[in-house]
$ cat input29.txt   # compact mmCIF, C-alpha atoms
# COMPACT_ATOMS: atom_id res chain seq x y z
CA MET A 1 87.26 -23.95 -5.88
CA LYS A 2 85.06 -26.84 -4.83
CA LEU A 3 81.99 -24.82 -4.04
CA VAL A 4 80.87 -21.22 -4.54
CA CYS A 5 77.81 -19.69 -2.85
CA HIS A 6 75.93 -16.48 -3.39
CA CYS A 7 74.62 -15.51 0.03
CA THR A 8 71.65 -13.46 1.19
CA HIS A 9 71.79 -11.67 4.54
CA GLY A 10 69.13 -10.33 6.89
CA ASN A 11 68.88 -6.99 8.62
CA ASN A 12 71.31 -8.06 11.35
CA SER A 13 73.82 -9.46 8.85
CA GLU A 14 72.86 -13.03 9.68
CA LEU A 15 72.99 -15.46 6.74
CA LEU A 16 69.46 -16.32 5.55
CA GLY A 17 70.05 -17.91 2.15
CA ALA A 18 72.78 -19.58 0.11
CA ASP A 19 72.63 -20.41 -3.61
CA CYS A 20 75.63 -22.67 -4.23
CA TRP A 21 77.42 -24.21 -7.23
CA ILE A 22 79.57 -27.33 -6.91
CA PHE A 23 82.50 -27.27 -9.34
CA ASN A 24 84.88 -29.97 -8.09
CA PRO A 25 84.57 -33.57 -9.27
CA GLU A 26 82.93 -35.61 -6.52
CA VAL A 27 82.65 -33.79 -3.22
CA PRO A 28 82.27 -36.71 -0.74
CA ARG A 29 80.32 -36.67 2.51
CA SER A 30 83.58 -36.50 4.49
CA ASP A 31 84.81 -33.37 2.72
CA PRO A 32 85.40 -30.56 5.28
CA ILE A 33 83.75 -28.07 2.93
CA TRP A 34 80.37 -29.11 4.37
CA ASP A 35 81.45 -28.01 7.86
CA ALA A 36 81.40 -24.40 6.70
CA PHE A 37 77.60 -24.40 6.82
CA TYR A 38 77.33 -25.53 10.44
CA ALA A 39 78.29 -22.08 11.78
CA HIS A 40 75.34 -20.45 9.97
CA THR A 41 72.37 -21.83 11.85
CA SER A 42 70.21 -18.92 10.68
CA ILE A 43 70.04 -20.25 7.07
CA GLU A 44 66.45 -20.65 5.85
CA THR A 45 67.01 -21.29 2.13
CA LEU A 46 69.75 -23.55 0.73
CA LYS A 47 70.20 -24.55 -2.92
CA PHE A 48 72.90 -26.70 -4.57
CA SER A 49 73.40 -26.82 -8.33
CA VAL A 50 76.00 -29.15 -9.83
CA TYR A 51 78.24 -27.86 -12.60
CA LYS A 52 79.06 -31.26 -14.14
CA PRO A 53 77.43 -34.70 -13.77
CA GLY A 54 79.19 -36.73 -11.10
CA ASN A 55 80.27 -33.80 -8.97
CA LEU A 56 77.65 -34.73 -6.37
CA THR A 57 76.42 -38.31 -5.88
CA HIS A 58 74.71 -38.02 -2.50
CA ILE A 59 72.23 -35.78 -0.69
CA PRO A 60 74.09 -33.74 1.95
CA THR A 61 71.54 -34.48 4.66
CA GLU A 62 74.07 -33.78 7.42
CA ILE A 63 73.70 -30.09 6.61
CA ILE A 64 69.93 -30.28 7.06
CA HIS A 65 70.29 -31.68 10.56
CA HIS A 66 72.66 -28.88 11.59
CA LEU A 67 70.44 -26.07 10.30
CA PRO A 68 67.43 -25.87 12.63
CA ASN A 69 65.83 -22.93 10.76
CA LEU A 70 66.11 -24.42 7.25
CA LYS A 71 62.80 -24.14 5.39
CA ASP A 72 63.67 -24.54 1.70
CA PHE A 73 66.19 -27.16 0.50
CA SER A 74 67.00 -27.76 -3.18
CA VAL A 75 69.44 -29.96 -5.15
CA GLN A 76 69.68 -29.85 -8.96
CA TYR A 77 71.70 -31.85 -11.51
CA ALA A 78 73.27 -34.21 -9.00
CA GLU A 79 73.50 -37.98 -9.60
CA VAL A 80 71.53 -39.46 -6.74
CA PRO A 81 70.14 -42.93 -7.53
CA GLU A 82 67.51 -42.96 -4.80
CA ILE A 83 66.11 -41.29 -1.72
CA GLY A 84 66.60 -43.89 0.97
CA SER A 85 64.66 -44.58 4.13
CA TYR A 86 64.60 -41.64 6.57
CA THR A 87 66.82 -39.55 4.29
CA LEU A 88 64.49 -36.65 4.96
CA SER A 89 62.85 -36.93 8.35
CA ASN A 90 62.22 -35.20 11.65
CA ARG A 91 62.82 -31.62 10.55
CA SER A 92 60.15 -29.44 12.13
CA HIS A 93 60.78 -26.26 10.07
CA LEU A 94 61.33 -27.70 6.60
CA THR A 95 58.52 -26.49 4.29
CA ARG A 96 59.83 -27.28 0.80
CA VAL A 97 62.25 -29.80 -0.74
CA GLU A 98 63.32 -30.10 -4.36
CA PHE A 99 65.41 -32.69 -6.20
CA LYS A 100 65.25 -31.92 -9.93
CA ASN A 101 67.30 -33.53 -12.70
CA CYS A 102 69.06 -35.76 -10.20
CA SER A 103 68.79 -39.06 -12.16
CA MET A 104 67.10 -40.78 -9.22
CA TYR A 105 65.00 -43.87 -9.96
CA ALA A 106 63.51 -44.87 -6.59
CA LEU A 107 61.86 -43.54 -3.43
CA ARG A 108 62.32 -46.02 -0.60
CA ARG A 109 60.10 -46.71 2.40
CA HIS A 110 59.76 -43.62 4.62
CA ALA A 111 61.88 -41.52 2.27
CA PHE A 112 59.84 -38.53 3.47
CA VAL A 113 58.60 -38.97 7.02
CA HIS A 114 57.81 -36.88 10.13
CA LEU A 115 58.05 -33.52 8.40
CA PRO A 116 55.15 -31.65 10.00
CA ALA A 117 55.68 -28.30 8.22
CA LEU A 118 56.42 -29.68 4.74
CA VAL A 119 54.16 -28.08 2.10
CA GLU A 120 55.81 -29.02 -1.22
CA ILE A 121 57.92 -31.87 -2.65
CA ASN A 122 59.30 -31.34 -6.16
CA LEU A 123 60.82 -34.41 -7.86
CA LYS A 124 60.34 -33.42 -11.51
CA PHE A 125 62.70 -34.40 -14.33
CA ASN A 126 64.19 -37.52 -12.78
CA GLU A 127 64.02 -41.20 -13.77
CA ILE A 128 61.79 -42.41 -10.96
CA MET A 129 60.28 -45.83 -11.65
CA ASP A 130 59.62 -47.20 -8.17
CA ILE A 131 57.79 -45.42 -5.35
CA ASP A 132 57.41 -47.48 -2.22
CA ARG A 133 53.87 -47.76 -0.89
CA HIS A 134 55.04 -46.02 2.32
CA ALA A 135 57.43 -43.47 0.81
CA PHE A 136 55.28 -40.60 2.12
CA SER A 137 54.38 -40.88 5.82
CA ASN A 138 53.29 -38.41 8.46
CA LEU A 139 53.27 -35.34 6.22
CA PRO A 140 50.16 -33.68 7.67
CA ASN A 141 50.51 -30.36 5.80
CA LEU A 142 51.79 -31.42 2.38
CA GLU A 143 49.84 -29.53 -0.30
CA ARG A 144 51.83 -29.95 -3.54
CA LEU A 145 53.52 -33.10 -4.86
CA LEU A 146 55.31 -32.82 -8.21
CA LEU A 147 56.26 -36.15 -9.82
CA GLY A 148 56.07 -35.12 -13.46
CA TYR A 149 58.58 -36.06 -16.18
CA ASN A 150 59.71 -39.36 -14.69
CA ASN A 151 59.43 -43.03 -15.71
CA ILE A 152 56.56 -44.10 -13.45
CA THR A 153 54.63 -46.96 -15.05
CA SER A 154 52.32 -47.78 -12.13
CA LEU A 155 51.52 -46.64 -8.62
CA HIS A 156 50.78 -48.76 -5.57
CA ASP A 157 47.27 -48.70 -4.19
CA GLU A 158 46.91 -46.17 -1.35
CA VAL A 159 50.37 -44.72 -2.00
CA PHE A 160 49.02 -41.24 -1.18
CA ILE A 161 46.67 -42.26 1.62
CA HIS A 162 48.61 -40.31 4.31
CA LEU A 163 48.47 -37.04 2.32
CA GLY A 164 45.06 -35.85 3.45
CA LYS A 165 45.82 -32.13 2.86
CA LEU A 166 47.26 -32.58 -0.63
CA THR A 167 45.64 -30.11 -3.05
CA GLU A 168 47.83 -30.52 -6.16
CA LEU A 169 49.25 -33.76 -7.60
CA TYR A 170 51.32 -33.64 -10.79
CA LEU A 171 52.06 -36.92 -12.59
CA GLN A 172 52.36 -35.57 -16.13
CA TYR A 173 54.62 -37.16 -18.74
CA ASN A 174 55.25 -40.49 -17.10
CA LEU A 175 54.48 -43.97 -18.48
CA ILE A 176 51.25 -44.65 -16.56
CA ALA A 177 48.88 -46.87 -18.56
CA ILE A 178 46.28 -48.05 -16.04
CA LEU A 179 44.29 -45.98 -13.55
CA SER A 180 42.99 -47.52 -10.34
CA ARG A 181 40.57 -45.93 -7.91
CA GLU A 182 42.65 -47.26 -5.01
CA VAL A 183 45.66 -45.16 -6.07
CA PHE A 184 43.82 -41.94 -5.23
CA LYS A 185 42.44 -43.10 -1.90
CA GLY A 186 42.75 -40.49 0.84
CA LEU A 187 42.93 -37.49 -1.50
CA GLY A 188 39.59 -35.94 -0.60
CA ASN A 189 41.05 -32.40 -0.60
CA LEU A 190 42.78 -32.64 -3.99
CA ASN A 191 41.95 -29.72 -6.33
CA VAL A 192 44.32 -30.38 -9.26
CA LEU A 193 45.30 -33.74 -10.80
CA ASP A 194 47.59 -33.71 -13.84
CA LEU A 195 47.89 -37.02 -15.72
CA SER A 196 48.65 -35.54 -19.13
CA GLY A 197 51.24 -37.08 -21.40
CA ASN A 198 50.95 -40.66 -20.10
CA HIS A 199 49.97 -43.92 -21.84
CA ILE A 200 46.36 -44.20 -20.62
CA THR A 201 44.01 -45.90 -23.12
CA PHE A 202 40.84 -46.37 -21.06
CA VAL A 203 39.17 -44.49 -18.19
CA GLY A 204 36.91 -46.88 -16.28
CA ASP A 205 34.02 -46.54 -13.85
CA THR A 206 34.45 -44.45 -10.68
CA VAL A 207 38.23 -44.10 -11.05
CA PHE A 208 38.14 -40.61 -9.51
CA ALA A 209 35.23 -41.17 -7.11
CA GLU A 210 37.39 -40.43 -4.04
CA LEU A 211 38.33 -36.99 -5.37
CA TRP A 212 35.18 -35.08 -4.46
CA SER A 213 37.05 -31.72 -4.17
CA LEU A 214 38.74 -31.97 -7.58
CA GLU A 215 38.37 -28.86 -9.76
CA GLU A 216 40.92 -29.47 -12.53
CA LEU A 217 41.63 -32.79 -14.27
CA TYR A 218 44.23 -33.05 -17.04
CA LEU A 219 44.06 -36.18 -19.22
CA ASP A 220 45.30 -34.62 -22.44
CA SER A 221 48.05 -36.10 -24.64
CA ASN A 222 47.34 -39.68 -23.65
CA ARG A 223 46.09 -42.57 -25.83
CA ILE A 224 42.54 -42.66 -24.53
CA GLU A 225 40.18 -44.54 -26.85
CA LYS A 226 37.19 -44.94 -24.55
CA ILE A 227 35.76 -43.29 -21.45
CA SER A 228 33.20 -45.14 -19.37
CA GLU A 229 29.87 -43.40 -18.81
CA ARG A 230 30.60 -43.43 -15.06
CA ALA A 231 34.26 -42.47 -15.33
CA PHE A 232 33.77 -39.09 -13.66
CA ASP A 233 31.38 -40.16 -10.90
CA GLY A 234 32.00 -38.18 -7.73
CA LEU A 235 33.50 -35.11 -9.44
CA ASN A 236 30.71 -32.72 -8.52
CA ASN A 237 33.11 -29.77 -8.24
CA LEU A 238 35.06 -30.36 -11.45
CA LYS A 239 35.37 -27.13 -13.46
CA LEU A 240 38.08 -27.94 -16.01
CA LEU A 241 38.56 -31.18 -17.95
CA LYS A 242 41.24 -31.61 -20.62
CA LEU A 243 40.84 -34.58 -22.99
CA SER A 244 42.54 -33.09 -26.04
CA HIS A 245 45.15 -34.97 -28.08
CA ASN A 246 43.72 -38.45 -27.51
CA HIS A 247 42.15 -41.17 -29.70
CA LEU A 248 38.47 -40.77 -28.80
CA VAL A 249 36.07 -41.78 -31.57
CA SER A 250 32.83 -41.32 -29.61
CA LEU A 251 31.54 -40.28 -26.19
CA GLU A 252 28.93 -41.95 -24.04
CA LYS A 253 25.81 -39.78 -23.91
CA GLY A 254 25.78 -39.46 -20.13
CA VAL A 255 29.47 -39.04 -19.49
CA PHE A 256 29.08 -35.40 -18.34
CA THR A 257 25.95 -35.97 -16.27
CA VAL A 258 27.98 -36.24 -13.05
CA VAL A 259 30.06 -33.06 -13.54
CA PRO A 260 27.46 -30.28 -13.13
CA ALA A 261 30.08 -27.57 -12.43
CA LEU A 262 32.11 -28.24 -15.61
CA LYS A 263 32.61 -25.09 -17.72
CA SER A 264 35.99 -25.63 -19.42
CA LEU A 265 36.10 -28.71 -21.65
CA TYR A 266 38.81 -29.55 -24.17
CA LEU A 267 38.08 -32.30 -26.74
CA ASN A 268 40.15 -30.97 -29.62
CA ASP A 269 42.50 -33.14 -31.65
CA ASN A 270 40.72 -36.47 -31.20
CA LYS A 271 39.00 -38.75 -33.73
CA LEU A 272 35.42 -37.88 -32.81
CA GLU A 273 32.96 -38.45 -35.67
CA THR A 274 30.15 -36.58 -33.98
CA LEU A 275 29.01 -34.78 -30.84
CA THR A 276 25.34 -34.28 -30.06
CA TYR A 277 23.31 -31.96 -27.91
CA ASN A 278 22.64 -34.93 -25.64
CA ASN A 279 26.37 -35.08 -24.85
CA PHE A 280 26.33 -31.51 -23.54
CA LEU A 281 22.84 -31.34 -22.06
CA PRO A 282 24.04 -31.65 -18.39
CA ILE A 283 26.46 -28.72 -18.77
CA TRP A 284 24.66 -26.68 -21.43
CA ASP A 285 23.96 -23.67 -19.21
CA ASN A 286 27.63 -23.59 -18.11
CA LEU A 287 28.77 -23.32 -21.73
CA LEU A 288 26.73 -20.15 -22.18
CA GLY A 289 28.75 -18.28 -19.52
CA VAL A 290 31.33 -15.62 -20.25
CA ASP A 291 34.15 -17.76 -18.79
CA SER A 292 33.20 -21.00 -20.56
CA VAL A 293 35.61 -22.94 -22.79
CA LEU A 294 34.79 -25.66 -25.32
CA GLY A 295 37.55 -26.94 -27.58
CA ILE A 296 36.28 -29.33 -30.29
CA SER A 297 38.45 -28.47 -33.31
CA ASP A 298 40.63 -30.95 -35.21
CA ASN A 299 38.32 -33.93 -35.01
CA ARG A 300 36.74 -36.05 -37.75
CA PHE A 301 33.18 -34.83 -37.61
CA VAL A 302 30.78 -36.04 -40.28
CA CYS A 303 28.63 -33.21 -41.63
CA ASP A 304 25.10 -33.97 -40.52
CA CYS A 305 22.35 -32.51 -38.35
CA ARG A 306 23.70 -33.96 -35.12
CA LEU A 307 26.04 -30.94 -35.14
CA MET A 308 23.13 -28.48 -35.26
CA TRP A 309 23.66 -27.54 -31.60
CA ILE A 310 26.82 -25.67 -32.67
CA TYR A 311 24.68 -22.95 -34.29
CA ASP A 312 22.68 -22.42 -31.13
CA LEU A 313 25.74 -22.36 -28.86
CA LYS A 314 27.50 -19.89 -31.13
CA ASN A 315 24.49 -17.54 -31.02
CA ARG A 316 23.77 -17.84 -27.30
CA THR A 317 27.17 -17.97 -25.58
CA THR A 318 28.34 -14.75 -23.92
CA ASN A 319 31.98 -15.75 -24.45
CA HIS A 320 33.14 -14.09 -27.68
CA GLU A 321 36.26 -16.25 -27.85
CA LEU A 322 34.16 -19.41 -27.71
CA ALA A 323 31.85 -18.09 -30.41
CA ARG A 324 34.87 -17.32 -32.59
CA SER A 325 36.37 -20.78 -32.08
CA LEU A 326 33.12 -22.45 -33.14
CA LYS A 327 33.45 -20.76 -36.51
CA GLU A 328 36.60 -22.80 -37.10
CA VAL A 329 35.02 -26.21 -36.46
CA ASP A 330 35.28 -28.44 -39.53
CA CYS A 331 33.39 -31.50 -40.69
CA MET A 332 33.78 -33.89 -43.61
CA LEU A 333 31.10 -33.76 -46.31
CA TYR A 334 30.77 -36.89 -48.45
CA ASP A 335 27.49 -36.51 -50.36
CA ARG A 336 27.36 -33.42 -52.57
CA ASN A 337 23.75 -34.17 -53.47
CA SER A 338 22.59 -33.60 -49.89
CA VAL A 339 23.40 -29.88 -49.85
CA PRO A 340 23.15 -26.94 -52.26
CA GLU A 341 25.78 -27.06 -54.97
CA GLU A 342 27.44 -23.79 -53.95
CA ILE A 343 28.29 -25.15 -50.49
CA PHE A 344 30.03 -28.19 -51.90
CA SER A 345 31.81 -26.43 -54.73
CA ASN A 346 33.20 -23.71 -52.43
CA THR A 347 34.81 -26.13 -50.02
CA VAL A 348 38.47 -27.05 -50.14
CA LYS A 349 39.08 -30.64 -51.09
CA GLU A 350 41.22 -32.33 -48.52
CA LYS A 351 42.64 -35.81 -48.37
CA ASN A 352 40.90 -37.94 -45.76
CA ASP A 353 43.65 -39.47 -43.67
CA ARG A 354 41.49 -41.47 -41.31
CA ASN A 355 42.99 -44.79 -40.25
CA GLY A 356 39.76 -46.51 -39.29
CA ASP A 357 36.81 -47.73 -41.35
CA TYR A 358 34.73 -45.35 -43.39
CA TYR A 359 31.00 -45.60 -43.15
CA ASP A 360 28.07 -45.03 -45.45
CA ASP A 361 24.52 -43.90 -45.04
CA ALA A 362 23.25 -47.46 -44.98
CA GLY A 363 22.68 -47.40 -41.25
CA TYR A 364 23.18 -45.83 -37.85
CA ASP A 365 25.53 -47.49 -35.38
CA ASN A 366 23.79 -47.12 -32.01
CA GLN A 367 26.61 -48.74 -30.05
CA GLY A 368 29.32 -46.46 -31.39
CA ASP A 369 26.98 -43.46 -31.53
CA THR A 370 28.35 -42.71 -34.99
CA PHE A 371 26.72 -42.47 -38.36
CA ALA A 372 28.77 -44.74 -40.56
CA PHE A 373 30.03 -44.30 -44.10
CA GLU A 374 31.32 -47.09 -46.31
CA GLN A 375 34.93 -46.98 -47.44
CA ARG A 376 35.17 -44.82 -50.53
CA ASP A 377 37.53 -42.75 -52.59
CA ILE A 378 39.36 -40.36 -50.29
CA ASP A 379 38.89 -37.54 -52.82
CA VAL A 380 35.10 -37.58 -52.43
CA GLY A 381 35.13 -36.15 -48.91
CA ARG A 382 35.69 -32.45 -48.49
CA LYS A 383 36.35 -30.47 -45.34
CA VAL A 384 33.77 -27.81 -44.61
CA GLN A 385 33.37 -25.37 -41.76
CA VAL A 386 30.15 -26.38 -40.03
CA LEU A 387 28.82 -22.85 -39.73
CA ASP A 388 29.26 -22.29 -43.48
CA PHE A 389 26.26 -24.51 -44.12
CA GLY A 390 23.44 -22.69 -42.46
CA ALA A 391 21.47 -24.91 -40.11
CA GLU A 392 18.81 -25.68 -42.71
CA ASN A 393 21.39 -27.16 -45.09
CA LEU A 394 22.99 -29.71 -42.76
CA PRO A 395 22.30 -33.20 -44.15
CA CYS A 396 19.97 -35.21 -41.92
CA PRO A 397 19.70 -38.89 -42.92
CA GLU A 398 16.54 -40.57 -41.71
CA GLU A 399 18.54 -43.25 -39.93
CA LEU A 400 19.74 -40.82 -37.29
CA SER A 401 17.97 -41.68 -34.05
CA ASP A 402 19.59 -39.07 -31.80
CA PRO A 403 17.86 -35.70 -31.29
CA THR A 404 19.73 -33.23 -33.43
CA GLU A 405 18.49 -29.86 -32.25
CA VAL A 406 18.35 -27.95 -29.01
CA PRO A 407 14.84 -28.25 -27.47
CA LEU A 408 12.65 -25.20 -27.96
CA SER A 409 12.25 -24.65 -24.21
CA ARG A 410 13.55 -26.04 -20.95
CA GLU A 411 10.18 -27.75 -20.43
CA SER A 412 10.85 -29.86 -23.50
CA ILE A 413 14.19 -31.16 -22.27
CA GLY A 414 12.53 -34.26 -20.89
CA MET A 415 11.47 -35.15 -24.42
CA VAL A 416 15.10 -35.70 -25.39
CA ASP A 417 15.29 -38.91 -23.46
CA LEU A 418 12.27 -40.29 -25.29
CA GLY A 419 14.36 -40.64 -28.41
CA LEU A 420 12.09 -38.36 -30.43
CA HIS A 421 13.43 -36.79 -33.60
CA SER A 422 13.63 -33.04 -33.46
CA SER A 423 12.57 -32.64 -37.04
CA ALA A 424 9.56 -30.55 -37.90
CA ALA A 425 7.56 -33.69 -38.60
CA SER A 426 8.27 -35.08 -35.13
CA TRP A 427 7.20 -31.92 -33.35
CA THR A 428 4.06 -31.76 -35.51
CA LEU A 429 3.23 -35.35 -34.62
CA LEU A 430 3.76 -34.61 -30.92
CA ALA A 431 1.53 -31.53 -31.06
CA ALA A 432 -1.21 -33.48 -32.83
CA SER A 433 -1.03 -36.20 -30.17
CA LEU A 434 -1.40 -33.65 -27.36
CA ILE A 435 -4.41 -32.04 -29.06
CA SER A 436 -6.05 -35.44 -29.49
CA LEU A 437 -5.43 -36.26 -25.84
CA GLN A 438 -6.93 -32.93 -24.76
CA THR A 439 -10.08 -33.61 -26.89
CA VAL A 440 -10.54 -37.02 -25.28
CA MET A 441 -10.21 -35.55 -21.77
CA VAL A 442 -12.79 -32.83 -22.55
CA ALA A 443 -15.21 -35.43 -23.91
CA MET A 444 -14.81 -37.53 -20.74
CA LEU A 445 -15.48 -34.54 -18.51
CA CYS A 446 -18.63 -33.66 -20.48
$ encode --input "input29.txt" --output "structure tokens"
Amino acid sequence: MKLVCHCTHGNNSELLGADCWIFNPEVPRSDPIWDAFYAHTSIETLKFSVYKPGNLTHIPTEIIHHLPNLKDFSVQYAEVPEIGSYTLSNRSHLTRVEFKNCSMYALRRHAFVHLPALVEINLKFNEIMDIDRHAFSNLPNLERLLLGYNNITSLHDEVFIHLGKLTELYLQYNLIAILSREVFKGLGNLNVLDLSGNHITFVGDTVFAELWSLEELYLDSNRIEKISERAFDGLNNLKLLKLSHNHLVSLEKGVFTVVPALKSLYLNDNKLETLTYNNFLPIWDNLLGVDSVLGISDNRFVCDCRLMWIYDLKNRTTNHELARSLKEVDCMLYDRNSVPEEIFSNTVKEKNDRNGDYYDDAGYDNQGDTFAFEQRDIDVGRKVQVLDFGAENLPCPEELSDPTEVPLSRESIGMVDLGLHSSAASWTLLAASLISLQTVMVAMLC
């Protein structure tokens, strides 16, 4: 048998669907077996799966043109090197096409064109390297484009510009290293963008500025070392951001200022040496909600008072799962003299496997936003759960210039930007200054 199909019939016994397996080695275009489909013009769903590699080396497009009611067309495990120009075109009823595990490496000019009802294209698990700038044309209703698990290294500027109704774009697990704002031009209705598992090292200014409807952005499992402070400009509706499993050492203070709707943030498994309240100030109220998510575990936090916000978030969040996860956040403690002996002696000594420089308490690095420790014996540092300290026991070197605590009230938030310390001495000094100012004003009025 060359081909075996399991068929689905409608109420009037007409053939509506066919799920077919190709068993014979190489069924050419001229094989009369394809003619068997022409008599079943009622078919709406047609799927071909290939039993062995090489059994199908072309896309049987002739069938598509003889089936006027075909809506869903799928080919799996064929060996099709490319989708050529006008291979899929001018079919008014076609709503979904799928070519998975077909070893294709290229999409030529107008590969998908004049398909007014098309809603989804699935090209996952191929070897696609080259996508012509005009591969997708006149697809006015396309909503989902799946290009994950291919070999894409770069994308042409404006390659998606004709996909104005696209809501989901999946580019995960390719070889993309550089992001350009021009690539995403025309995607004003996009809700989901998945770029996880690529080779991205840097996210620059306004890369996603065209994506004003975006709600979910996946950048996890890349090689990101730095994110520009304006990287997420324009993402006013972003609710979920995944940055886990990257190489981030620090975050710009204002990086989340432009994402006021963000409530699910994943930063776990990076190389972050600290996170401060200033980092989260723009989205602080969101993190208190019952549906909030904040993943910060498996980093390289240094135990000091810049992590004091964790205590407040743990006590104030209404999400019990988030509160539980904060209990598992670790930091590295280097100076046993800065905390009570019982805290240090009860911690589990753990080898410090950091690849970068170690820093000491000789100074604060304002550019890197990290408090630096000199290189020292790896056995000195011990991993401690932050919440095991008690807020009053977190070391707080004088060199730290960032506010370390949550302001006492929302009216005091503006004081954060003044660079004031949130220590008791700082607040006392501020109160004394206000009293002095009030005395002067009263004297002037008298």
$ residues_around --input "input29.txt" --residues "Tyr38 of chain A" --least-positions-apart "6" --cutoff "12 Å" --atoms "all atoms listed in the file" --output "MDAnalysis selection string"
chainID A and resid 15 32 62:70
$ residues_around --input "input29.txt" --residues "Asn246 of chain A" --least-positions-apart "5" --cutoff "7 Å" --atoms "all atoms listed in the file" --output "NGL selection string"
:A and (220-224 or 269-270)
$ atom_distance --input "input29.txt" --atom1 "atom CA of Leu217 of chain A" --atom2 "atom CA of Val119 of chain A"
21.1 Å
$ atom_distance --input "input29.txt" --atom1 "atom CA of Val386 of chain A" --atom2 "atom CA of Leu326 of chain A"
8.5 Å
$ residues_around --input "input29.txt" --residues "segment 160-173 of chain A" --least-positions-apart "5" --cutoff "9 Å" --atoms "all atoms listed in the file" --output "ChimeraX atom specification"
/A:119,133-152,183-199,213-214,218-219,221
$ atom_distance --input "input29.txt" --atom1 "atom CA of Gly234 of chain A" --atom2 "atom CA of His156 of chain A"
21.7 Å
$ build_atoms --input "input29.txt" --residues "segment 244-249 of chain A" --atoms "all heavy atoms" --output "PDB file, keeping the file's coordinate frame"
ATOM      1  N   SER A 244      42.015 -33.320 -24.697  1.00  0.00           N
ATOM      2  CA  SER A 244      42.540 -33.090 -26.040  1.00  0.00           C
ATOM      3  C   SER A 244      43.736 -33.997 -26.324  1.00  0.00           C
ATOM      4  O   SER A 244      44.354 -34.557 -25.428  1.00  0.00           O
ATOM      5  CB  SER A 244      42.939 -31.619 -26.191  1.00  0.00           C
ATOM      6  OG  SER A 244      43.770 -31.211 -25.121  1.00  0.00           O
ATOM      7  N   HIS A 245      44.008 -34.175 -27.619  1.00  0.00           N
ATOM      8  CA  HIS A 245      45.150 -34.970 -28.080  1.00  0.00           C
ATOM      9  C   HIS A 245      45.063 -36.417 -27.589  1.00  0.00           C
ATOM     10  O   HIS A 245      46.005 -36.945 -27.003  1.00  0.00           O
ATOM     11  CB  HIS A 245      46.471 -34.332 -27.653  1.00  0.00           C
ATOM     12  CG  HIS A 245      46.593 -32.885 -28.001  1.00  0.00           C
ATOM     13  ND1 HIS A 245      46.686 -32.429 -29.293  1.00  0.00           N
ATOM     14  CD2 HIS A 245      46.602 -31.776 -27.222  1.00  0.00           C
ATOM     15  CE1 HIS A 245      46.760 -31.111 -29.301  1.00  0.00           C
ATOM     16  NE2 HIS A 245      46.706 -30.686 -28.059  1.00  0.00           N
ATOM     17  N   ASN A 246      43.908 -37.038 -27.817  1.00  0.00           N
ATOM     18  CA  ASN A 246      43.720 -38.450 -27.510  1.00  0.00           C
ATOM     19  C   ASN A 246      43.180 -39.161 -28.748  1.00  0.00           C
ATOM     20  O   ASN A 246      43.252 -38.622 -29.854  1.00  0.00           O
ATOM     21  CB  ASN A 246      42.781 -38.611 -26.305  1.00  0.00           C
ATOM     22  CG  ASN A 246      43.513 -38.451 -24.983  1.00  0.00           C
ATOM     23  OD1 ASN A 246      44.322 -39.285 -24.598  1.00  0.00           O
ATOM     24  ND2 ASN A 246      43.234 -37.343 -24.280  1.00  0.00           N
ATOM     25  N   HIS A 247      42.626 -40.365 -28.563  1.00  0.00           N
ATOM     26  CA  HIS A 247      42.150 -41.170 -29.700  1.00  0.00           C
ATOM     27  C   HIS A 247      40.655 -41.450 -29.593  1.00  0.00           C
ATOM     28  O   HIS A 247      40.180 -42.480 -30.064  1.00  0.00           O
ATOM     29  CB  HIS A 247      42.920 -42.490 -29.765  1.00  0.00           C
ATOM     30  CG  HIS A 247      44.399 -42.319 -29.946  1.00  0.00           C
ATOM     31  ND1 HIS A 247      45.313 -43.325 -29.689  1.00  0.00           N
ATOM     32  CD2 HIS A 247      45.138 -41.260 -30.363  1.00  0.00           C
ATOM     33  CE1 HIS A 247      46.539 -42.894 -29.924  1.00  0.00           C
ATOM     34  NE2 HIS A 247      46.451 -41.639 -30.339  1.00  0.00           N
ATOM     35  N   LEU A 248      39.906 -40.563 -28.984  1.00  0.00           N
ATOM     36  CA  LEU A 248      38.470 -40.770 -28.800  1.00  0.00           C
ATOM     37  C   LEU A 248      37.737 -40.724 -30.132  1.00  0.00           C
ATOM     38  O   LEU A 248      37.901 -39.784 -30.917  1.00  0.00           O
ATOM     39  CB  LEU A 248      37.904 -39.696 -27.873  1.00  0.00           C
ATOM     40  CG  LEU A 248      38.313 -39.789 -26.395  1.00  0.00           C
ATOM     41  CD1 LEU A 248      37.957 -38.506 -25.671  1.00  0.00           C
ATOM     42  CD2 LEU A 248      37.643 -40.986 -25.735  1.00  0.00           C
ATOM     43  N   VAL A 249      36.901 -41.725 -30.373  1.00  0.00           N
ATOM     44  CA  VAL A 249      36.070 -41.780 -31.570  1.00  0.00           C
ATOM     45  C   VAL A 249      34.643 -41.367 -31.239  1.00  0.00           C
ATOM     46  O   VAL A 249      33.952 -40.761 -32.055  1.00  0.00           O
ATOM     47  CB  VAL A 249      36.096 -43.197 -32.183  1.00  0.00           C
ATOM     48  CG1 VAL A 249      35.140 -43.291 -33.366  1.00  0.00           C
ATOM     49  CG2 VAL A 249      37.514 -43.552 -32.621  1.00  0.00           C
TER      50      VAL A 249
END
